[in-house]
>>> print(open('query.txt').read())   # compact mmCIF, C-alpha atoms
# COMPACT_ATOMS: atom_id res chain seq x y z
CA ALA A 11 16.14 -6.76 -14.36
CA PHE A 12 12.59 -5.93 -15.41
CA GLN A 13 12.36 -2.88 -17.64
CA ARG A 14 10.49 0.08 -16.16
CA GLN A 15 7.43 1.01 -18.19
CA ASP A 16 6.38 4.67 -18.22
CA SER A 17 2.97 6.22 -17.72
CA SER A 18 2.06 9.88 -18.20
CA GLY A 19 -0.38 12.33 -16.68
CA ILE A 20 0.87 12.52 -13.06
CA SER A 21 3.38 15.16 -12.05
CA ALA A 22 3.37 14.77 -8.26
CA ALA A 23 4.55 11.93 -6.05
CA PRO A 24 1.73 9.36 -5.79
CA ALA A 25 0.77 8.56 -2.22
CA ARG A 26 -1.65 5.65 -2.84
CA PHE A 27 -3.12 3.56 -5.65
CA PHE A 28 -6.64 2.06 -5.53
CA ARG A 29 -8.40 -0.54 -7.67
CA ASN A 30 -12.20 -0.45 -7.38
CA SER A 31 -15.29 -1.11 -9.49
CA LEU A 32 -14.80 2.11 -11.47
CA GLY A 33 -11.15 1.58 -12.38
CA VAL A 34 -7.63 2.30 -11.16
CA PHE A 35 -7.14 5.53 -9.21
CA ALA A 36 -4.19 7.36 -7.69
CA ILE A 37 -3.95 10.18 -5.19
CA ALA A 38 -0.98 12.53 -5.42
CA GLU A 39 -0.88 15.54 -3.13
CA ASP A 40 -4.22 17.38 -3.61
CA ASP A 41 -5.14 15.62 -6.87
CA ILE A 42 -7.10 12.50 -7.81
CA PHE A 43 -6.21 10.66 -11.03
CA GLU A 44 -7.86 7.80 -12.93
CA TRP A 45 -6.09 5.53 -15.42
CA ASN A 46 -7.61 5.79 -18.89
CA THR A 47 -7.40 2.38 -20.56
CA SER A 48 -8.17 3.91 -23.98
CA THR A 49 -5.62 6.72 -24.10
CA LEU A 50 -3.17 4.92 -21.74
CA THR A 51 -2.65 7.98 -19.57
CA TRP A 52 -3.73 9.27 -16.18
CA ASP A 53 -6.71 11.63 -16.34
CA THR A 54 -7.06 14.31 -13.68
CA ARG A 55 -10.41 13.85 -11.91
CA ASP A 56 -10.07 16.35 -9.08
CA SER A 57 -7.39 19.00 -8.94
CA GLY A 58 -6.27 21.61 -6.50
CA GLY A 59 -7.90 22.57 -3.25
CA GLY A 60 -4.65 22.88 -1.34
CA VAL A 61 -5.30 19.90 0.97
CA ASN A 62 -3.66 16.53 0.27
CA TYR A 63 -5.67 13.36 -0.11
CA SER A 64 -4.80 10.50 2.24
CA ASP A 65 -7.10 7.51 1.52
CA MET A 66 -9.94 6.19 -0.62
CA ALA A 67 -12.69 3.63 -0.11
CA GLU A 68 -15.76 2.40 -2.00
CA LEU A 69 -19.21 1.62 -0.63
CA ASN A 70 -22.13 0.61 -2.88
CA GLY A 71 -20.64 2.19 -6.00
CA VAL A 72 -19.68 5.51 -4.37
CA LEU A 73 -16.03 6.46 -3.89
CA TYR A 74 -14.96 8.38 -0.79
CA ALA A 75 -11.64 10.24 -0.63
CA ALA A 76 -10.28 11.30 2.76
CA ARG A 77 -8.08 14.34 3.22
CA VAL A 78 -5.49 15.46 5.76
CA GLY A 79 -5.33 18.77 7.57
CA SER A 80 -8.68 18.43 9.39
CA THR A 81 -10.59 18.85 6.13
CA THR A 82 -13.82 17.10 5.20
CA TYR A 83 -13.82 14.37 2.52
CA LYS A 84 -15.07 14.27 -1.05
CA TYR A 85 -17.16 11.61 -2.81
CA SER A 86 -18.04 10.55 -6.34
CA ALA A 87 -20.50 8.14 -7.96
CA ASP A 88 -18.64 7.99 -11.28
CA GLY A 89 -15.02 8.75 -10.37
CA ILE A 90 -15.12 11.86 -12.53
CA THR A 91 -17.17 14.45 -10.63
CA TRP A 92 -16.19 14.90 -6.98
CA THR A 93 -18.36 16.63 -4.39
CA THR A 94 -17.30 17.99 -1.01
CA PHE A 95 -19.31 16.54 1.85
CA SER A 96 -21.05 19.48 3.51
CA ASP A 97 -24.09 18.18 5.43
CA GLU A 98 -21.98 18.14 8.59
CA THR A 99 -18.89 20.10 9.52
CA ASN A 100 -17.09 17.87 12.02
CA ASP A 101 -16.43 14.67 10.05
CA LEU A 102 -12.75 15.14 9.27
CA PHE A 103 -11.56 11.63 8.41
CA VAL A 104 -8.02 10.75 7.42
CA PHE A 105 -8.67 7.03 6.65
CA PHE A 106 -11.68 4.95 5.61
CA ALA A 107 -12.61 1.26 5.94
CA THR A 108 -15.72 -0.73 5.05
CA ARG A 109 -17.42 -3.54 6.94
CA ASP A 110 -20.84 -5.14 6.37
CA ASP A 111 -22.06 -2.43 3.95
CA VAL A 112 -21.03 0.26 6.42
CA LEU A 113 -18.45 2.98 5.83
CA TRP A 114 -16.19 3.69 8.77
CA GLY A 115 -14.03 6.80 9.08
CA ILE A 116 -11.30 7.61 11.55
CA GLU A 117 -10.15 11.11 12.39
CA PRO A 118 -6.49 12.03 13.09
CA THR A 119 -7.14 11.97 16.85
CA GLY A 120 -8.50 8.39 16.75
CA LEU A 121 -12.24 9.16 16.76
CA ILE A 122 -14.20 6.55 14.74
CA LYS A 123 -17.64 7.12 13.17
CA ASN A 124 -19.78 5.25 10.66
CA THR A 125 -22.55 5.70 8.09
CA THR A 126 -24.35 3.58 5.50
CA ASN A 127 -24.38 6.44 2.98
CA GLY A 128 -21.97 9.35 3.27
CA ILE A 129 -23.31 11.68 0.56
CA ASN A 130 -25.11 15.00 0.88
CA GLY A 131 -28.87 15.47 0.73
CA GLY A 132 -31.86 13.29 1.49
CA SER A 133 -30.19 10.06 0.38
CA GLY A 134 -27.33 10.54 2.82
CA VAL A 135 -27.32 9.04 6.31
CA ALA A 136 -25.91 11.04 9.22
CA TRP A 137 -22.61 9.88 10.65
CA SER A 138 -22.82 8.18 14.03
CA ALA A 139 -21.53 9.57 17.27
CA GLY A 140 -17.84 8.88 17.64
CA ASP A 141 -15.93 6.31 19.70
CA GLN A 142 -12.42 7.27 20.77
CA VAL A 143 -9.67 4.71 20.17
CA GLY A 144 -6.61 5.22 22.35
CA SER A 145 -5.13 8.54 23.28
CA THR A 146 -5.93 11.63 21.24
CA SER A 147 -2.21 12.47 21.26
CA ASP A 148 -1.26 9.36 19.23
CA THR A 149 -0.89 9.60 15.45
CA VAL A 150 -3.17 7.36 13.36
CA SER A 151 -1.14 5.77 10.54
CA GLY A 152 -3.47 3.11 9.14
CA PHE A 153 -6.97 1.63 9.34
CA VAL A 154 -8.13 -1.77 8.02
CA GLU A 155 -10.95 -4.29 8.45
CA ALA A 156 -9.88 -7.84 9.27
CA ASP A 157 -11.84 -10.79 10.64
CA ASP A 158 -14.92 -8.57 11.12
CA ASN A 159 -13.02 -6.17 13.38
CA LEU A 160 -11.46 -2.80 12.64
CA TYR A 161 -7.76 -2.41 13.40
CA ILE A 162 -6.19 0.97 14.04
CA PHE A 163 -2.46 1.29 13.55
CA LYS A 164 -0.85 4.18 15.41
CA ASP A 165 2.73 5.29 15.86
CA THR A 166 2.48 3.92 19.40
CA GLY A 167 0.94 0.52 18.60
CA ILE A 168 -2.14 -1.38 17.43
CA TRP A 169 -5.76 -1.17 18.62
CA ARG A 170 -8.82 -3.31 17.88
CA TYR A 171 -12.34 -1.90 17.52
CA THR A 172 -15.34 -4.24 17.37
CA GLY A 173 -17.82 -1.55 16.38
CA SER A 174 -18.69 -0.77 19.95
CA ALA A 175 -15.69 -1.63 22.13
CA THR A 176 -11.98 -0.83 21.86
CA ALA A 177 -8.98 -2.74 23.16
CA PRO A 178 -5.22 -2.27 22.87
CA VAL A 179 -3.54 -5.16 21.04
CA TRP A 180 0.11 -4.18 21.26
CA THR A 181 2.17 -1.17 22.33
CA SER A 182 5.41 -0.16 20.66
CA GLU A 183 7.97 1.49 22.88
CA TYR A 184 9.99 2.46 19.79
CA VAL A 185 8.05 5.30 18.20
CA LEU A 186 8.81 6.50 14.67
CA SER A 187 6.72 8.64 12.35
CA ASN A 188 6.19 5.77 9.88
CA ASN A 189 5.11 3.22 12.49
CA GLY A 190 1.92 1.46 11.38
CA ASP A 191 2.14 2.87 7.86
CA GLN A 192 0.21 1.28 4.95
CA PRO A 193 -1.16 -1.84 6.70
CA PHE A 194 -1.63 -4.50 4.04
CA ARG A 195 -3.64 -7.72 4.48
CA TRP A 196 -2.15 -10.39 2.26
CA VAL A 197 -3.79 -13.56 0.91
CA ASP A 198 -2.79 -15.49 4.04
CA GLY A 199 -4.96 -13.20 6.17
CA VAL A 200 -2.03 -11.71 8.08
CA VAL A 201 -1.77 -7.92 8.17
CA ARG A 202 1.69 -6.51 7.46
CA THR A 203 2.85 -3.04 8.41
CA THR A 204 6.01 -1.23 9.45
CA TYR A 205 7.29 -0.64 12.96
CA GLY A 206 10.80 0.72 13.04
CA ASP A 207 12.64 -0.67 10.02
CA ARG A 208 10.87 -4.01 10.38
CA LEU A 209 7.94 -5.48 8.46
CA LEU A 210 5.70 -6.75 11.22
CA GLY A 211 3.06 -9.44 10.64
CA PHE A 212 -0.05 -9.44 12.81
CA ASP A 213 -2.56 -12.30 12.67
CA PRO A 214 -6.02 -10.81 13.38
CA VAL A 215 -7.69 -14.23 13.66
CA ASN A 216 -5.37 -15.63 16.32
CA GLY A 217 -4.66 -12.23 17.80
CA ALA A 218 -8.01 -11.72 19.51
CA THR A 219 -6.63 -12.64 22.91
CA ALA A 220 -2.90 -12.87 22.20
CA ALA A 221 -0.27 -11.07 20.15
CA PRO A 222 1.19 -13.53 17.61
CA PHE A 223 3.54 -11.13 15.86
CA THR A 224 6.16 -12.15 13.36
CA VAL A 225 8.99 -10.12 11.88
CA LEU A 226 9.00 -10.85 8.17
CA TRP A 227 11.64 -8.36 7.07
CA PRO A 228 14.56 -8.23 7.10
CA PRO A 229 15.42 -11.94 7.22
CA PRO A 230 18.31 -12.83 9.56
CA GLN A 231 20.80 -13.14 6.70
CA MET A 232 20.12 -9.56 5.56
CA VAL A 233 20.29 -7.78 8.90
CA GLY A 234 22.89 -5.05 8.66
CA ASN A 235 23.25 -5.17 4.89
CA GLU A 236 23.80 -1.53 3.98
CA GLU A 237 22.67 -1.92 0.38
CA THR A 238 19.37 -3.80 0.53
CA THR A 239 17.97 -2.89 3.95
CA GLY A 240 16.60 0.38 5.24
CA THR A 241 13.24 2.11 5.64
CA ILE A 242 10.15 0.36 4.24
CA THR A 243 8.22 2.94 2.24
CA ALA A 244 5.51 0.89 0.49
CA ILE A 245 3.77 -2.51 0.73
CA GLY A 246 1.67 -4.38 -1.86
CA GLY A 247 1.07 -7.76 -3.41
CA ASP A 248 -1.13 -10.21 -5.27
CA LEU A 249 -2.23 -13.80 -4.67
CA ARG A 250 1.28 -15.14 -5.32
CA ASN A 251 3.83 -12.60 -4.15
CA MET A 252 4.20 -9.73 -1.71
CA TYR A 253 6.31 -6.67 -2.52
CA ILE A 254 7.90 -3.97 -0.39
CA ALA A 255 9.90 -0.88 -1.34
CA VAL A 256 12.99 -0.39 0.82
CA LYS A 257 15.02 2.83 0.83
CA ASN A 258 18.57 2.34 2.09
CA GLY A 259 20.73 4.82 3.96
CA ALA A 260 22.24 6.16 0.74
CA GLY A 261 18.76 7.06 -0.57
CA ASN A 262 18.51 4.25 -3.12
CA THR A 263 15.31 2.21 -3.33
CA TYR A 264 14.94 -1.53 -3.97
CA ILE A 265 11.72 -3.47 -4.49
CA GLN A 266 11.89 -6.76 -2.61
CA LYS A 267 9.63 -9.69 -3.46
CA PHE A 268 8.46 -12.31 -0.96
CA SER A 269 7.81 -15.60 -2.74
CA HIS A 270 7.78 -19.23 -1.57
CA GLY A 271 8.93 -18.28 1.90
CA ALA A 272 11.98 -16.25 0.83
CA TRP A 273 12.86 -12.68 -0.11
CA HIS A 274 14.28 -11.77 -3.49
CA THR A 275 15.90 -8.46 -4.42
CA THR A 276 13.86 -7.98 -7.56
CA MET A 277 14.02 -4.41 -8.82
CA TYR A 278 16.36 -1.46 -8.35
CA LEU A 279 14.89 2.04 -8.58
CA GLY A 280 17.96 4.09 -7.76
CA ALA A 281 17.68 7.40 -5.93
CA ASN A 282 13.90 7.67 -6.26
CA ASP A 283 11.16 7.69 -3.64
CA CYS A 284 8.53 4.95 -3.86
CA ASP A 285 5.62 5.61 -1.49
CA THR A 286 3.04 3.20 -2.89
CA LEU A 287 2.75 -0.17 -4.67
CA LEU A 288 -0.21 -1.95 -6.26
CA VAL A 289 -0.56 -5.08 -8.40
CA VAL A 290 -3.39 -4.84 -10.94
CA GLY A 291 -4.61 -7.61 -13.20
CA PRO A 292 -4.73 -8.05 -16.97
CA GLY A 293 -6.80 -5.46 -18.81
CA ASP A 294 -5.91 -2.52 -16.60
CA PHE A 295 -2.44 -1.64 -17.88
CA HIS A 296 -1.55 -4.64 -20.03
CA ALA A 297 -3.92 -6.69 -22.16
CA THR A 298 -2.78 -10.12 -20.97
CA ASN A 299 -0.49 -9.66 -17.97
CA PRO A 300 -0.67 -8.30 -14.44
CA VAL A 301 1.57 -5.34 -13.67
CA LEU A 302 3.18 -3.90 -10.56
CA LEU A 303 2.47 -0.17 -10.28
CA PHE A 304 4.88 1.88 -8.20
CA GLY A 305 5.59 5.47 -7.41
CA TYR A 306 8.84 6.67 -8.97
CA GLY A 307 9.56 10.14 -7.68
CA ALA A 308 6.83 12.41 -9.10
CA THR A 309 5.76 9.84 -11.71
CA VAL A 310 4.12 6.42 -11.94
CA LYS A 311 5.92 3.51 -13.57
CA TYR A 312 5.19 -0.20 -13.73
CA PHE A 313 6.71 -3.62 -14.36
CA ILE A 314 4.98 -6.23 -16.50
CA LEU A 315 4.69 -9.41 -14.41
CA PRO A 316 4.52 -12.94 -15.83
CA ARG A 317 1.20 -14.65 -16.31
CA SER A 318 0.21 -17.65 -14.23
CA GLY A 319 2.05 -20.72 -15.49
CA PHE A 320 4.99 -18.70 -16.82
CA ASP A 321 8.18 -17.28 -15.39
CA PRO A 322 9.79 -14.06 -16.64
CA SER A 323 12.07 -15.89 -19.07
CA SER A 324 9.25 -17.87 -20.71
CA ASP A 325 6.59 -15.14 -20.84
CA LYS A 326 7.24 -13.11 -24.00
CA SER A 327 5.21 -10.19 -22.63
CA CYS A 328 7.82 -9.48 -19.94
CA LYS A 329 10.36 -6.80 -20.82
CA PHE A 330 13.91 -6.48 -19.53
CA ASP A 331 16.38 -3.67 -19.06
CA MET A 332 19.25 -4.20 -21.50
CA THR A 333 21.44 -1.32 -20.32
CA GLY A 334 23.53 -3.43 -17.98
CA GLY A 335 23.91 -3.60 -14.23
CA THR A 336 25.81 -5.09 -11.31
CA LEU A 337 25.56 -8.55 -9.81
CA PHE A 338 26.65 -8.74 -6.16
CA THR A 339 27.90 -12.15 -5.05
CA SER A 340 29.42 -13.44 -1.84
CA TRP A 341 32.91 -12.89 -3.27
CA SER A 342 32.44 -9.14 -3.77
CA VAL A 343 34.21 -6.65 -1.56
CA VAL A 344 31.44 -4.08 -1.15
CA GLY A 345 30.07 -5.27 2.16
CA SER A 346 27.50 -7.59 0.59
CA GLN A 347 26.70 -10.54 2.84
CA ALA A 348 26.60 -14.10 1.60
CA PHE A 349 22.98 -15.25 1.49
CA PRO A 350 22.49 -19.05 1.70
CA LYS A 351 20.70 -20.20 -1.44
CA TRP A 352 20.84 -22.60 -4.33
CA LEU A 353 21.94 -20.90 -7.54
CA ASN A 354 20.54 -22.85 -10.45
CA ARG A 355 20.86 -20.39 -13.30
CA ILE A 356 21.85 -16.85 -14.28
CA ASP A 357 20.74 -15.20 -17.54
CA MET A 358 22.64 -12.04 -18.41
>>> encode(input="query.txt", output="structure tokens")
Amino acid sequence: AFQRQDSSGISAAPARFFRNSLGVFAIAEDDIFEWNTSTLTWDTRDSGGGVNYSDMAELNGVLYAARVGSTTYKYSADGITWTTFSDETNDLFVFFATRDDVLWGIEPTGLIKNTTNGINGGSGVAWSAGDQVGSTSDTVSGFVEADDNLYIFKDTGIWRYTGSATAPVWTSEYVLSNNGDQPFRWVDGVVRTTYGDRLLGFDPVNGATAAPFTVLWPPPQMVGNEETTGTITAIGGDLRNMYIAVKNGAGNTYIQKFSHGAWHTTMYLGANDCDTLLVVGPGDFHATNPVLLFGYGATVKYFILPRSGFDPSSDKSCKFDMTGGTLFTSWSVVGSQAFPKWLNRIDM
């Protein structure tokens, strides 16, 4: 298994990671952190305040950080100094999205507004009047731009907003608190998010007049596996692979990798919560290799991923855990299903 690499400077469970023009950022409870590539630690950029951060977006070099609890957002032009937005008192966004050099914010009740510059003072532009998306009693879980539309993921289903008109796309009759959590648009253009214990794929291009949904996780062979299936707690990926964190019924978390049309149980995190994943490229955490950042309880850890043209065994930058482990095969007696596959090689 890949060896977990440590990072220091964060002492609360990270809720989201963000890569933007200023660097790599993390939000953890009511703090904002930035990764320092010189000291190789997380620097605290905004601390305290008593209200947790929920999302971050960038527009024209300015970062905007949304907060929960019906509290106005903060913004920063350098990632270091953060200012509370105070020109208006009723813009209480929980998620942000950008489209066509416009910043869009959605409030917990589903009210959407926009601006071209969300800072205080004469340079700022007033937020627009709001458009309501769906019922005010639904819980907004995610907000993304896709195919020039804005998609709102709620615990009760998915809505589309064109910038002036709203339309329901799909309604879920099975309502859970994590429905629609962390919508992630992969390289194939399909948006993935969670509904129930399933990873649902929604195609925004072909979904304008239909609902072409696919269930990507768990695959049929893994349904009912008590070890490697459970609640999806984080979604991320790069141009080659997609990753999800899955917490099973015993409280143990696995990171699953989707590659070449199949799922691979890649990393075992044990009894630790993982609420966010992000792949960042060379130069951010490692000089030559991409890494997979993940929340690990109240800390941030990462795995060094192989470079393009290498696999983990041929890339000398990859590091492996040498403390031992367990290999489950179809002959084991622990309830592990037999997964059809070709086994070409095992290195132990």
>>> residues_near_point(input="query.txt", point="(17.8, -0.3, 6.4)", cutoff="8 Å", atoms="all atoms listed in the file", output="VMD selection string")
chain A and resid 207 234 to 242 256 to 259
>>> write_last_selection(input="query.txt", atoms="C-alpha atoms", output="JSON list (two decimals), keeping the file's coordinate frame")
[["chain", "number", "residue", "atom", "x", "y", "z"],
["A", 207, "ASP", "CA", 12.64, -0.67, 10.02],
["A", 234, "GLY", "CA", 22.89, -5.05, 8.66],
["A", 235, "ASN", "CA", 23.25, -5.17, 4.89],
["A", 236, "GLU", "CA", 23.80, -1.53, 3.98],
["A", 237, "GLU", "CA", 22.67, -1.92, 0.38],
["A", 238, "THR", "CA", 19.37, -3.80, 0.53],
["A", 239, "THR", "CA", 17.97, -2.89, 3.95],
["A", 240, "GLY", "CA", 16.60, 0.38, 5.24],
["A", 241, "THR", "CA", 13.24, 2.11, 5.64],
["A", 242, "ILE", "CA", 10.15, 0.36, 4.24],
["A", 256, "VAL", "CA", 12.99, -0.39, 0.82],
["A", 257, "LYS", "CA", 15.02, 2.83, 0.83],
["A", 258, "ASN", "CA", 18.57, 2.34, 2.09],
["A", 259, "GLY", "CA", 20.73, 4.82, 3.96]]
>>> residues_around(input="query.txt", residues="Trp45 (chain A)", least_positions_apart="6", cutoff="8 Å", atoms="all atoms listed in the file", output="list in words")
Gly33, Val34, Phe35, Thr51, Trp52 and Asp53 of chain A
>>> closest_atom_pairs(input="query.txt", of="region 247-284 of chain A", to="region 197-203 of chain A", cutoff="9 Å", atoms="all atoms listed in the file", output="Markdown table")
| residue | atom | partner | partner_atom | distance |
| --- | --- | --- | --- | --- |
| A:Gly247 | CA | A:Val197 | CA | 8.7 |
| A:Asp248 | CA | A:Val197 | CA | 7.5 |
| A:Leu249 | CA | A:Val197 | CA | 5.8 |
| A:Arg250 | CA | A:Val197 | CA | 8.2 |
>>> closest_residue(input="query.txt", among="A:Phe268, A:Ala177, A:Pro193, A:Asp294", to="Ser31 (chain A)", atoms="all atoms listed in the file")
A:Asp294
>>> residues_around(input="query.txt", residues="Thr146 (chain A)", least_positions_apart="6", cutoff="10 Å", atoms="only C-alpha atoms", output="PyMOL selection string")
chain A and resi 117-121
>>> atom_distance(input="query.txt", atom1="CA of Phe212 (chain A)", atom2="CA of Leu102 (chain A)")
27.9 Å
>>> atom_distance(input="query.txt", atom1="CA of Gly291 (chain A)", atom2="CA of Ala75 (chain A)")
22.9 Å
>>> atom_distance(input="query.txt", atom1="CA of Phe320 (chain A)", atom2="CA of Ala244 (chain A)")
26.1 Å
>>> closest_residue(input="query.txt", among="A:Ser147, A:Asn262, A:Gln192, A:Asn299", to="Ile162 (chain A)", atoms="all atoms listed in the file")
A:Gln192
